[in-house]
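Take a look at the structure below.
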4 protein chains.
Amino acid sequence: MTTTSAATAAEQAALAKLYRDFDTEHLVPLWTQLGDLMPAQPTSNARPHCWRWSTLAPMARRAGDLVPVGRGGERRAIALANPGLAGAPYVSPTMWAAIQYLGPHETAPEHRHSQNAFRFVIEGEGVWTVVDGDPVAMRRGDFLLTPGWCFHGHYNTTGKPMTWLDGLDIPFVRQTDSAFFEFGADQLDTAPTPHLSRSERLWAHPGLTPLAQHGPRPSSPIAAYRWEHTDRALTDQLELEDQGFPGVVEPGHAAIRFTNPTTGGDVLPTLRAEFHRLRPGVTTAATREVGSSVYQVFSGAGRIMLGDEEFRVEYGDLFVVPSWQPLTVIADDNAELDLFRFSDTPIFEALHQYRRETSSVVTR
Amino acid sequence: MTTTSAATAAEQAALAKLYRDFDTEHLVPLWTQLGDLMPAQPTSNARPHCWRWSTLAPMARRAGDLVPVGRGGERRAIALANPGLAGAPYVSPTMWAAIQYLGPHETAPEHRHSQNAFRFVIEGEGVWTVVDGDPVAMRRGDFLLTPGWCFHGHYNTTGKPMTWLDGLDIPFVRQTDSAFFEFGADQLDTAPTPHLSRSERLWAHPGLTPLAQHGPRPSSPIAAYRWEHTDRALTDQLELEDQGFPGVVEPGHAAIRFTNPTTGGDVLPTLRAEFHRLRPGVTTAATREVGSSVYQVFSGAGRIMLGDEEFRVEYGDLFVVPSWQPLTVIADDNAELDLFRFSDTPIFEALHQYRRETSSVVTR
Amino acid sequence: MTTTSAATAAEQAALAKLYRDFDTEHLVPLWTQLGDLMPAQPTSNARPHCWRWSTLAPMARRAGDLVPVGRGGERRAIALANPGLAGAPYVSPTMWAAIQYLGPHETAPEHRHSQNAFRFVIEGEGVWTVVDGDPVAMRRGDFLLTPGWCFHGHYNTTGKPMTWLDGLDIPFVRQTDSAFFEFGADQLDTAPTPHLSRSERLWAHPGLTPLAQHGPRPSSPIAAYRWEHTDRALTDQLELEDQGFPGVVEPGHAAIRFTNPTTGGDVLPTLRAEFHRLRPGVTTAATREVGSSVYQVFSGAGRIMLGDEEFRVEYGDLFVVPSWQPLTVIADDNAELDLFRFSDTPIFEALHQYRRETSSVVTR
Amino acid sequence: MTTTSAATAAEQAALAKLYRDFDTEHLVPLWTQLGDLMPAQPTSNARPHCWRWSTLAPMARRAGDLVPVGRGGERRAIALANPGLAGAPYVSPTMWAAIQYLGPHETAPEHRHSQNAFRFVIEGEGVWTVVDGDPVAMRRGDFLLTPGWCFHGHYNTTGKPMTWLDGLDIPFVRQTDSAFFEFGADQLDTAPTPHLSRSERLWAHPGLTPLAQHGPRPSSPIAAYRWEHTDRALTDQLELEDQGFPGVVEPGHAAIRFTNPTTGGDVLPTLRAEFHRLRPGVTTAATREVGSSVYQVFSGAGRIMLGDEEFRVEYGDLFVVPSWQPLTVIADDNAELDLFRFSDTPIFEALHQYRRETSSVVTR
């Protein structure tokens with residue numbers, strides 16, 4: 001909506017004056033910036049990007065050598081900063097993803113915050129995350145929750161460092177101005193080393209609810225989803241496919257969603273988490289959806305086509321899928337490709353903003 | 001609201017005429033029967049009663065010898081008939097409970113109905129229940145579902161008979177006129193003997209949902225809740241109690257509810273199922289609630305105080321708790337008491353008619 | 001599942017003995033009564049029936065002359081007793097429908113019960129129903145609620161009697177043993193005669209919720225749905241149809257459902273209420289559904305085809321539609337046919353037992 | 001988490017090198033910026049601000065004189081730009097608020113977008129908003145909806161301009177990358193001038209749902225909430241208070257929420273709307289909550305205390321309340337103060353991030 005070509009000089013001057021007055025009065029006209037505000041389809045500032053484990057892991061170790069962990073900084077966490085987001089430590093406009101490193105016998109002090117958090121363990125063991133007083137062992141393949149406003153800290157009982165992935169809704173909470181934070185105990189009891197957390201002993205039995213604690217909760221009461229269950233579920237889906245029965249998402253592609261047993265919904269109010277397994281050589285259908293997601297390669301290797309870009313991905317690599325960017329994953333021919341995935345989809349489903357499109361498979 | 005004492009003979013005659021005319025016109029006055037229709041609190045026709053396994057099991061075997069199983073009668077099921085319900089084959093006004101017996105190499109043909117059903121296995125193994133084509137092994141302690149309108153049949157692959165408990169909402173569905181029934185295949189494929197059903201391979205992983213099938217369902221997609229999980233969950237609760245952590249319902253009383261992982265709610269729209277374990281010598285708080293429930297002793301022995309009655313209960317015994325009758329359970333001193341329980345509570349919760357009262361413990 | 005023809009006399013004797021033993025032990029075999037318990041489709045004992053207003057109204061007046069109203073009998077209510085239900089005062093297996101009559105300056109004392117209740121006013125005015133202390137005027141066409149466990153009484157401030165329809169879930173609550181009842185104040189304050197209840201002043205503004213009371217409730221907080229709104233909504237639907245816009249249920253058939261503004265669902269947990277208007281000469285599609293319903297003719301006249309029966313219906317007549325009986329309504333050619341309707345559908349929807357079929361229209 | 005004071009030069013160099021390498025690899029350490037990312041409580045960049053109607057209205061008229069309305073710019077809308085948000089046209093981090101101006105006989109062309117929108121009319125009439133083909137008259141005090149993905153345009157049938165308030169979730173949708181937009185018809189049929197929209201004729205009857213359209217919807221089907229109903233509801237609350245009955249939020253403070261009759265929830269998935277009326281001289285309790293809100297003075301005048309600031313507010317003035325800033329409103333002594341309010345609260349309630357605190361009243 002520009003002024004007509006026949007605008008007189010007087011009209012142009014009046015318009016310039018109007019725009020100056022708008023500025024003075026903290027006003028902005030819609031008509032000069034509609035396309036940016038209301039695009040035809042999501043046009044994220046975030047860009048597709050892949051971070052290499054071969055780069056991340058050594059840098060985490062270097063940080064471990066140089067930077068102490070303790071009260072104030074709280075965590076030795078190194079955030080993936082999407083190249084399109086102007087240096088902000090955000091993997092996408094809504095999500096935070098970081099590599100956290102805890103050295104031998106180190107402790108990360110207790111705190112709590114309204115942000116929802118999870119950990120995914122790509123390798124190692126020997127650290128316990130304490131969630132509201134319940135020590136939760138971390139082992140390769142495990143997916144752990146620290147829902148909003150639960151106190152939590154970490155301690156390493158071994159002589160080896162450990163590195164894992166943290167996922168939170170920090171940018172979403174920051175931009176919507178809903179963040180609260182509190183320090184907890186400065187000292188953790190680092191003696192307990194239970195194999196299973198108390199939360200799992202109460203809740204991680206399939207389809208069984210402790211009668212004393214029944215009722216819906218915003219977040220899952222299961223503090224750790226163990227790799228042995230995830231692996232078994234994916235294996236079962238592929239075996240069912242071999243036997244001619246339904247279960248997989250598409251041919252050769254098994255997938256589970258981590259869910260909240262008190263509702264059947266997502267594990268956290270703002271974050272979805274899944275695990276995908278592709279048979280060797282499988283190509284997924286190209287899919288795009290509202291909202292962003294992050295994948296980490298747990299084992300195997302392959303290629304991804306993401307918007308206009310293509311990446312080769314291997315062990316530990318992380319890549320981000322911005323909103324509405326079509327994604328195709330192609331597993332190498334020699335091994336299964338295992339992928340951990342998390343996304344902000346619950347936000348859009350709750351607010352009726354979600355859309356998803358799946359195209360027929362196109363291989364480049 | 002009776003007529004006043006000063007009613008004249010003419011008035012009395014007019015009233016008698018009015019009542020006759022009511023009758024002719026299919027009308028009934030409220031004021032002559034208010035107390036029966038709208039009692040001060042639930043006054044069930046159903047009575048507390050206990051059926052002995054030592055009686056039931058031999059009778060089931062006799063039925064096995066004398067009565068064939070097959071199309072028409074459909075099942076060799078012997079219903080517990082509450083003594084207060086005038087001979088109707090109902091354990092309570094809403095629920096059906098029956099002992100089903102399947103002889104060596106026998107088959108019970110496939111059918112489906114709108115009634116919701118479950119099986120609980122007190123002893124034996126070797127029978128598979130086929131639910132919509134999925135064979136589900138039955139073993140001691142297992143709890144199996146056949147939700148409304150799923151085709152199902154049973155086959156025994158062994159040379160030994162098997163006996164189990166069936167629970168359904170037959171009276172409720174009958175009295176509300178909502179019953180549908182269809183025959184399925186006359187012949188079952190009796191060859192498969194999988195250790196786990198396909199439903200379990202997809203759904204019985206703690207907190208994990210197959211992505212291809214996510215979304216809420218009226219009934220649980222888990223066809224069998226295995227004893228090993230139930231036993232583990234109860235054991236964990238008591239160990240947590242020993243360690244000073246929450247989990248049990250009351251001191252010495254562990255309990256789990258079988259739940260629908262797609263909603264966190266009950267396994268069936270009309271039926272709740274639970275498993276309770278009392279430490280030796282424990283007495284539960286006296287509790288009464290709207291709706292009826294049935295218990296079966298899985299192991300151990302004890303006493304129950306139920307309304308004005310008291311029963312000694314042992315292995316396999318079944319007892320029914322009518323609506324609003326207070327129940328106390330007392331475990332013998334020498335062993336844990338394990339109890340399977342089912343009830344019609346979901347009906348009352350869904351319709352906002354549920355009430356529950358727990359009193360302090362009183363031992364006789 | 002009868003014994004085979006070749007059963008020997010010994011076998012027959014053993015079987016007879018088994019059946020006697022079943023009886024002694026409060027057991028009933030399924031195979032001898034499967035068809036009654038689990039019919040192929042709902043086969044209600046309730047029968048289609050029509051009660052005439054020309055009969056009901058005079059009988060209510062006679063009861064008014066002969067029977068006092070007061071504590072004990074509580075209400076001068078005359079129940080419609082379905083001819084198929086063995087004399088029970090139930091219009092259907094789940095619902096109670098009664099004509100209540102309150103003479104000049106009479107009062108029906110306060111009580112409350114877990115049963116949900118409504119009133120529908122076919123004629124007259126001058127009575128106030130007091131719901132938890134809030135006096136609610138009753139006028140022709142109004143639909144009033146007294147949800148479960150609300151105290152309520154009635155008082156007539158005029159010199160004329162008044163007669164209306166009461167609907168409750170008494171049989172359902174009775175058969176499921178969930179009934180509670182309490183007396184309230186013996187004396188009502190009969191002075192107030194507000195045109196609108198307080199509940200309406202807070203809640204009966206379209207789409208507006210009082211901020212101080214927001215949040216979902218099991219029953220609607222609107223104590224009276226006034227005829228002027230119902231009439232206007234139906235008129236609007238037919239005018240929209242005239243103008244070529246959607247709104248009616250089928251050609252010439254306008255209908256509204258009375259709803260709970262805090263949830264958008266039914267007004268009461270167990271009862272649905274609707275109002276239907278047919279243009280002159282319109283025939284509805286034949287429909288059958290799980291659950292029972294009752295209609296009252298508010299104005300106009302017509303014919304109904306109900307199962308195998310046909311009734312002519314006129315002003316004030318009430319007819320009951322048992323479960324799964326197909327119903328067609330045909331309005332007379334000379335006037336619109338206005339019908340109030342209530343049903344037990346919320347029970348079946350909540351418990352996932354609902355089914356409905358609509359056939360093409362067939363006129364006899 | 002800074003390096004220790006005893007860090008050697010070599011360590012400092014290594015750390016500097018690490019931080020450079022982080023930057024190269026699109027990584028950011030958490031420990032250097034924790035406080036900004038995860039504040040102790042919401043610290044919005046948005047600032048309390050008040051825009052004057054006496055300024056806004058003349059500027060809208062100047063824009064009307066100088067800027068045509070039509071395809072491309074789409075709307076002559078002037079956005080309130082929060083002074084703390086770096087020139088972005090956002091009244092808060094999640095919400096857009098703009099003054100829209102439509103000149104005599106002008107038309108704003110049809111489009112649709114995933115953003116949810118409403119209009120609130122402070123003055124004038126003569127414009128119709130067409131929502132999916134349904135013309136909705138706009139009159140003083142009316143609150144209109146155009147839910148996400150509904151086509152809509154505006155036309156002025158009079159010789160006078162009209163100015164109103166638009167509210168949308170543009171920033172939220174932009175920042176979460178969920179925006180879709182489509183053009184609709186270039187030409188609107190500007191002839192219809194119905195007093196009520198078709199949506200109101202179907203849906204704006206208190207507690208009545210058109211049977212043909214029942215079922216929950218994400219947004220309210222009522223396209224316009226009329227001032228006469230809002231005013232009546234507020235008047236009723238204050239009259240009930242005079243009579244000693246509950247209804248108001250706090251003494252002298254009546255309030256209604258505009259709600260979705262199909263769910264009882266908010267009118268739009270992301271936006272809440274309310275209307276508040278204070279008696280003369282009333283001071284509200286100081287309240288702060290997660291999320292932002294905007295108020296417009298509809299009539300009367302008063303003072304507000306907002307965080308550390310105080311504003312005098314009069315007819316048409318708009319002020320924004322950033323997240324967690326305490327607000328107190330004080331009505332002048334000579335007249336009722338009527339306030340329209342909207343907020344982003346549904347986002348936080350849906351995602352379990354909502355908190356609210358009310359303090360005792362403190363007057364300055």
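In the structure tokens, each chain is lettered A, B, ... as it comes, each chain's residues begin at 1, and ligands are numbered from 1 in order of appearance.
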Could you list, as an mmCIF file with C-alpha atoms, in the first residue's frame, every residue of chain C that has an atom within 7 Å of an atom of chain B, counting only C-alpha atoms?
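iface-v7.cif was written with the following content:
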```cif
data_model
loop_
_atom_site.group_PDB
_atom_site.id
_atom_site.type_symbol
_atom_site.label_atom_id
_atom_site.label_comp_id
_atom_site.auth_asym_id
_atom_site.auth_seq_id
_atom_site.Cartn_x
_atom_site.Cartn_y
_atom_site.Cartn_z
ATOM 1 C CA MET C 1 -24.807 -74.983 23.914
ATOM 2 C CA THR C 3 -25.909 -81.320 25.604
ATOM 3 C CA GLU C 11 -25.020 -87.797 31.693
ATOM 4 C CA LEU C 15 -25.976 -82.370 34.292
ATOM 5 C CA HIS C 26 -25.183 -68.899 43.667
ATOM 6 C CA LEU C 27 -23.837 -69.675 40.239
ATOM 7 C CA VAL C 28 -25.518 -69.443 36.817
ATOM 8 C CA PRO C 29 -24.253 -70.935 33.554
ATOM 9 C CA LEU C 30 -23.825 -68.478 30.687
ATOM 10 C CA TRP C 31 -24.618 -70.958 27.950
ATOM 11 C CA THR C 32 -28.293 -71.359 28.838
ATOM 12 C CA LEU C 34 -26.598 -65.990 26.374
ATOM 13 C CA LEU C 37 -27.853 -61.312 28.259
ATOM 14 C CA MET C 38 -26.063 -60.370 25.074
ATOM 15 C CA PRO C 39 -28.598 -59.743 22.313
ATOM 16 C CA ALA C 40 -27.540 -58.989 18.745
ATOM 17 C CA GLN C 41 -28.844 -55.472 19.181
ATOM 18 C CA PRO C 42 -30.613 -53.583 21.973
ATOM 19 C CA THR C 43 -33.919 -55.253 22.749
ATOM 20 C CA SER C 44 -35.396 -53.066 25.417
ATOM 21 C CA LEU C 66 -57.186 -35.447 47.065
ATOM 22 C CA VAL C 67 -53.528 -35.583 48.052
ATOM 23 C CA PRO C 68 -51.753 -32.956 50.112
ATOM 24 C CA VAL C 69 -48.201 -32.042 49.277
ATOM 25 C CA GLY C 70 -45.566 -31.857 52.013
ATOM 26 C CA GLY C 72 -42.465 -37.177 53.386
ATOM 27 C CA GLY C 73 -44.077 -37.567 50.015
ATOM 28 C CA GLU C 74 -42.240 -34.405 49.036
ATOM 29 C CA ARG C 75 -43.803 -33.844 45.617
ATOM 30 C CA ARG C 76 -47.213 -34.337 44.005
ATOM 31 C CA ALA C 77 -45.574 -35.988 41.011
ATOM 32 C CA ILE C 78 -47.222 -38.623 38.865
ATOM 33 C CA ALA C 79 -44.740 -40.775 37.005
ATOM 34 C CA LEU C 80 -45.148 -42.128 33.511
ATOM 35 C CA ALA C 81 -44.706 -45.899 33.894
ATOM 36 C CA ASN C 82 -43.506 -47.599 30.761
ATOM 37 C CA PRO C 83 -45.884 -50.508 30.026
ATOM 38 C CA PRO C 89 -42.492 -45.894 37.713
ATOM 39 C CA PRO C 93 -34.878 -48.084 31.900
ATOM 40 C CA THR C 94 -32.799 -45.034 32.773
ATOM 41 C CA ILE C 170 -33.921 -41.880 38.988
ATOM 42 C CA ARG C 174 -31.291 -46.533 41.468
ATOM 43 C CA GLN C 175 -29.957 -49.416 39.417
ATOM 44 C CA THR C 176 -26.375 -48.335 39.772
ATOM 45 C CA ASP C 177 -26.791 -47.841 43.538
ATOM 46 C CA SER C 178 -25.525 -44.286 43.616
ATOM 47 C CA ALA C 179 -28.469 -42.456 45.232
ATOM 48 C CA PHE C 180 -28.128 -39.984 48.109
ATOM 49 C CA PHE C 181 -30.959 -37.877 49.538
ATOM 50 C CA GLU C 182 -31.272 -35.188 52.220
ATOM 51 C CA PRO C 218 -20.418 -30.855 35.766
ATOM 52 C CA PRO C 269 -24.084 -35.270 33.390
ATOM 53 C CA THR C 270 -26.694 -37.892 32.545
ATOM 54 C CA VAL C 290 -28.619 -46.241 21.622
ATOM 55 C CA GLY C 291 -30.462 -44.979 24.670
ATOM 56 C CA SER C 323 -33.322 -47.727 22.745
ATOM 57 C CA ALA C 350 -19.250 -40.655 28.203
ATOM 58 C CA LEU C 351 -18.816 -44.423 28.257
ATOM 59 C CA HIS C 352 -18.199 -44.879 24.527
ATOM 60 C CA GLN C 353 -21.347 -46.949 24.056
#
```
Exercise for review: Find the spatial neighbours of Glu314 of chain B, counting only C-alpha atoms, within a cut-off of 12 Å - ignore same-chain residues fewer than 4 positions away - and output them as a VMD selection string.
Suggested key: chain B and resid 50 to 54 295 to 304 318 to 319 330 to 332 335 to 339
Review point. Within 12 Å of Thr283 of chain D, counting only C-alpha atoms, which residues qualify if same-chain residues fewer than 3 places away don't, as a PyMOL selection string?
Key: chain D and resi 250-253+277-280+286-287+302-305+327-333+336-337+360-364
**Study point:** 7 Å contact set for Val130 of chain D, only C-alpha atoms, chain neighbours under 6 positions out, as a ChimeraX atom specification
**Key:** /D:136,152-154
Convert the current residue selection to file output with C-alpha atoms, as a short mmCIF file (atom, residue, chain, number, x, y, z; two decimals), in the first residue's frame.
```cif
data_model
loop_
_atom_site.label_atom_id
_atom_site.label_comp_id
_atom_site.auth_asym_id
_atom_site.auth_seq_id
_atom_site.Cartn_x
_atom_site.Cartn_y
_atom_site.Cartn_z
CA VAL D 136 -20.85 -8.63 10.90
CA HIS D 152 -12.18 -11.60 6.33
CA GLY D 153 -12.50 -8.10 4.92
CA HIS D 154 -14.14 -4.84 5.96
#
```
Check your understanding: Got a sec: who's within 10 Å of segment 261-265 of chain A, counting only C-alpha atoms, leaving out chain neighbours fewer than 2 positions off, as a VMD selection string?
Key -> (chain A and resid 203 to 209 213 to 222 257 to 259 267 to 269 272 346) or (chain B and resid 206 to 209 214 to 217 259 to 265)
Those selected residues, please, written with N, CA and C atoms and delivered as a CSV table (one decimal), in the first residue's frame.
```
chain,number,residue,atom,x,y,z
A,203,TRP,N,6.9,-45.8,38.5
A,203,TRP,CA,6.1,-45.4,37.3
A,203,TRP,C,6.5,-46.2,36.0
A,204,ALA,N,7.8,-46.7,36.0
A,204,ALA,CA,8.2,-47.3,34.7
A,204,ALA,C,7.9,-48.8,34.6
A,205,HIS,N,6.6,-49.1,34.9
A,205,HIS,CA,6.1,-50.5,34.7
A,205,HIS,C,5.0,-50.3,33.6
A,206,PRO,N,5.0,-51.1,32.6
A,206,PRO,CA,4.1,-50.7,31.4
A,206,PRO,C,2.6,-50.8,31.8
A,207,GLY,N,1.9,-49.7,31.7
A,207,GLY,CA,0.5,-49.7,31.9
A,207,GLY,C,0.1,-49.7,33.4
A,208,LEU,N,1.0,-49.6,34.3
A,208,LEU,CA,0.7,-49.7,35.7
A,208,LEU,C,1.0,-48.4,36.4
A,209,THR,N,0.0,-47.9,37.1
A,209,THR,CA,0.0,-46.6,37.9
A,209,THR,C,0.0,-46.9,39.3
A,213,GLN,N,-0.7,-42.3,43.7
A,213,GLN,CA,-0.3,-41.1,42.9
A,213,GLN,C,-1.0,-41.0,41.6
A,214,HIS,N,-2.1,-41.6,41.4
A,214,HIS,CA,-2.8,-41.5,40.2
A,214,HIS,C,-3.4,-40.1,39.9
A,215,GLY,N,-3.7,-39.8,38.7
A,215,GLY,CA,-4.2,-38.5,38.3
A,215,GLY,C,-3.3,-37.9,37.3
A,216,PRO,N,-3.8,-37.0,36.4
A,216,PRO,CA,-3.0,-36.4,35.3
A,216,PRO,C,-2.0,-35.4,35.9
A,217,ARG,N,-0.8,-35.3,35.2
A,217,ARG,CA,0.2,-34.4,35.6
A,217,ARG,C,0.7,-33.7,34.3
A,218,PRO,N,1.1,-32.4,34.4
A,218,PRO,CA,1.5,-31.7,33.2
A,218,PRO,C,2.7,-32.4,32.5
A,219,SER,N,3.6,-32.9,33.3
A,219,SER,CA,4.8,-33.6,32.8
A,219,SER,C,4.9,-35.0,33.3
A,220,SER,N,5.6,-35.8,32.5
A,220,SER,CA,5.7,-37.2,32.9
A,220,SER,C,6.4,-37.4,34.2
A,221,PRO,N,5.9,-38.4,35.1
A,221,PRO,CA,6.6,-38.7,36.3
A,221,PRO,C,7.8,-39.6,36.2
A,222,ILE,N,8.0,-40.1,35.0
A,222,ILE,CA,9.1,-41.0,34.7
A,222,ILE,C,10.4,-40.2,34.5
A,257,ARG,N,7.5,-42.5,20.4
A,257,ARG,CA,7.4,-41.3,21.1
A,257,ARG,C,7.5,-41.5,22.6
A,258,PHE,N,8.3,-40.7,23.3
A,258,PHE,CA,8.4,-40.8,24.8
A,258,PHE,C,7.1,-40.1,25.3
A,259,THR,N,6.4,-40.7,26.1
A,259,THR,CA,5.1,-40.1,26.5
A,259,THR,C,4.9,-40.1,28.1
A,267,VAL,N,5.9,-35.8,27.0
A,267,VAL,CA,6.6,-35.8,28.3
A,267,VAL,C,6.6,-34.5,29.0
A,268,LEU,N,6.7,-33.4,28.2
A,268,LEU,CA,6.8,-32.1,28.8
A,268,LEU,C,5.8,-31.2,28.1
A,269,PRO,N,5.3,-30.1,28.7
A,269,PRO,CA,4.2,-29.3,28.1
A,269,PRO,C,4.6,-28.7,26.8
A,272,ARG,N,8.5,-32.3,22.7
A,272,ARG,CA,8.2,-33.6,22.3
A,272,ARG,C,9.5,-34.3,22.1
A,346,PRO,N,4.4,-29.7,20.8
A,346,PRO,CA,3.3,-29.6,21.8
A,346,PRO,C,2.8,-28.1,21.9
B,206,PRO,N,7.5,-49.2,28.9
B,206,PRO,CA,7.1,-48.2,29.8
B,206,PRO,C,7.3,-46.8,29.2
B,207,GLY,N,6.2,-46.0,29.1
B,207,GLY,CA,6.2,-44.6,28.6
B,207,GLY,C,6.5,-44.5,27.1
B,208,LEU,N,6.5,-45.5,26.4
B,208,LEU,CA,6.9,-45.5,24.9
B,208,LEU,C,5.6,-45.8,24.1
B,209,THR,N,5.3,-44.9,23.2
B,209,THR,CA,4.2,-45.0,22.3
B,209,THR,C,4.7,-45.3,20.9
B,214,HIS,N,-0.2,-43.3,17.7
B,214,HIS,CA,-0.4,-42.4,18.8
B,214,HIS,C,-1.8,-41.8,18.8
B,215,GLY,N,-2.2,-41.3,19.9
B,215,GLY,CA,-3.6,-40.7,20.0
B,215,GLY,C,-4.4,-41.5,21.0
B,216,PRO,N,-5.4,-40.7,21.7
B,216,PRO,CA,-6.2,-41.4,22.7
B,216,PRO,C,-7.1,-42.4,22.2
B,217,ARG,N,-7.4,-43.5,23.0
B,217,ARG,CA,-8.3,-44.5,22.6
B,217,ARG,C,-9.2,-44.8,23.9
B,259,THR,N,-3.8,-49.3,33.8
B,259,THR,CA,-4.2,-48.1,33.1
B,259,THR,C,-4.0,-48.1,31.6
B,260,ASN,N,-4.7,-47.2,30.9
B,260,ASN,CA,-4.7,-47.1,29.5
B,260,ASN,C,-3.5,-46.1,29.1
B,261,PRO,N,-2.4,-46.6,28.5
B,261,PRO,CA,-1.3,-45.7,28.3
B,261,PRO,C,-1.6,-44.5,27.3
B,262,THR,N,-2.7,-44.6,26.6
B,262,THR,CA,-3.0,-43.5,25.7
B,262,THR,C,-3.8,-42.3,26.3
B,263,THR,N,-4.2,-42.5,27.6
B,263,THR,CA,-4.9,-41.5,28.3
B,263,THR,C,-4.5,-41.4,29.8
B,264,GLY,N,-3.9,-42.4,30.3
B,264,GLY,CA,-3.6,-42.4,31.7
B,264,GLY,C,-4.8,-42.8,32.6
B,265,GLY,N,-6.0,-43.0,31.9
B,265,GLY,CA,-7.2,-43.4,32.6
B,265,GLY,C,-7.4,-44.9,32.7
```
**Study point:** 7 Å contact set for Leu202 of chain A, only C-alpha atoms, chain neighbours under 6 positions out, as an NGL selection string
**Key:** (:A and (210)) or (:B and (233 or 236-237 or 247))
Practice item. From a DSSP calculation on the backbone, collect every residue of segment 83-225 of chain C in strand (DSSP E) and output the set as a count of residues only. Key: 55
Point to revise | Computed interatomic separation between atom CA of Asp189 of chain A and atom CA of Asp242 of chain B (Å) | key: 20.1 Å
Exercise for review: Would you mind writing down, as number ranges by chain, each residue of segment 10-251 of chain B that DSSP on the backbone assigns to helix (DSSP H, G or I)?
Suggested key: B: 10-24, 34-37, 53-66, 170-175, 198-203, 211-213, 227-242
Practice item. Write out as JSON, numbers by chain each polymer residue whose atoms come within 6 Å of Ala255 of chain A, counting only C-alpha atoms; drop sequence neighbours fewer than 5 positions from it. Key: {"A": [275, 276], "B": [211]}
Would you output that residue set with N, CA and C atoms, as a PDB file, in the first residue's frame?
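In the end it all went to again.pdb:
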```pdb
ATOM      1  N   PHE A 275      12.270 -41.336  19.248  1.00  0.00           N
ATOM      2  CA  PHE A 275      13.444 -42.065  18.778  1.00  0.00           C
ATOM      3  C   PHE A 275      13.056 -42.778  17.491  1.00  0.00           C
ATOM      4  N   HIS A 276      13.911 -42.627  16.469  1.00  0.00           N
ATOM      5  CA  HIS A 276      13.645 -43.201  15.153  1.00  0.00           C
ATOM      6  C   HIS A 276      14.754 -44.181  14.774  1.00  0.00           C
TER       7      HIS A 276
ATOM      8  N   LEU B 211       4.872 -44.492  17.325  1.00  0.00           N
ATOM      9  CA  LEU B 211       4.506 -43.236  16.684  1.00  0.00           C
ATOM     10  C   LEU B 211       3.375 -43.419  15.678  1.00  0.00           C
TER      11      LEU B 211
END
```
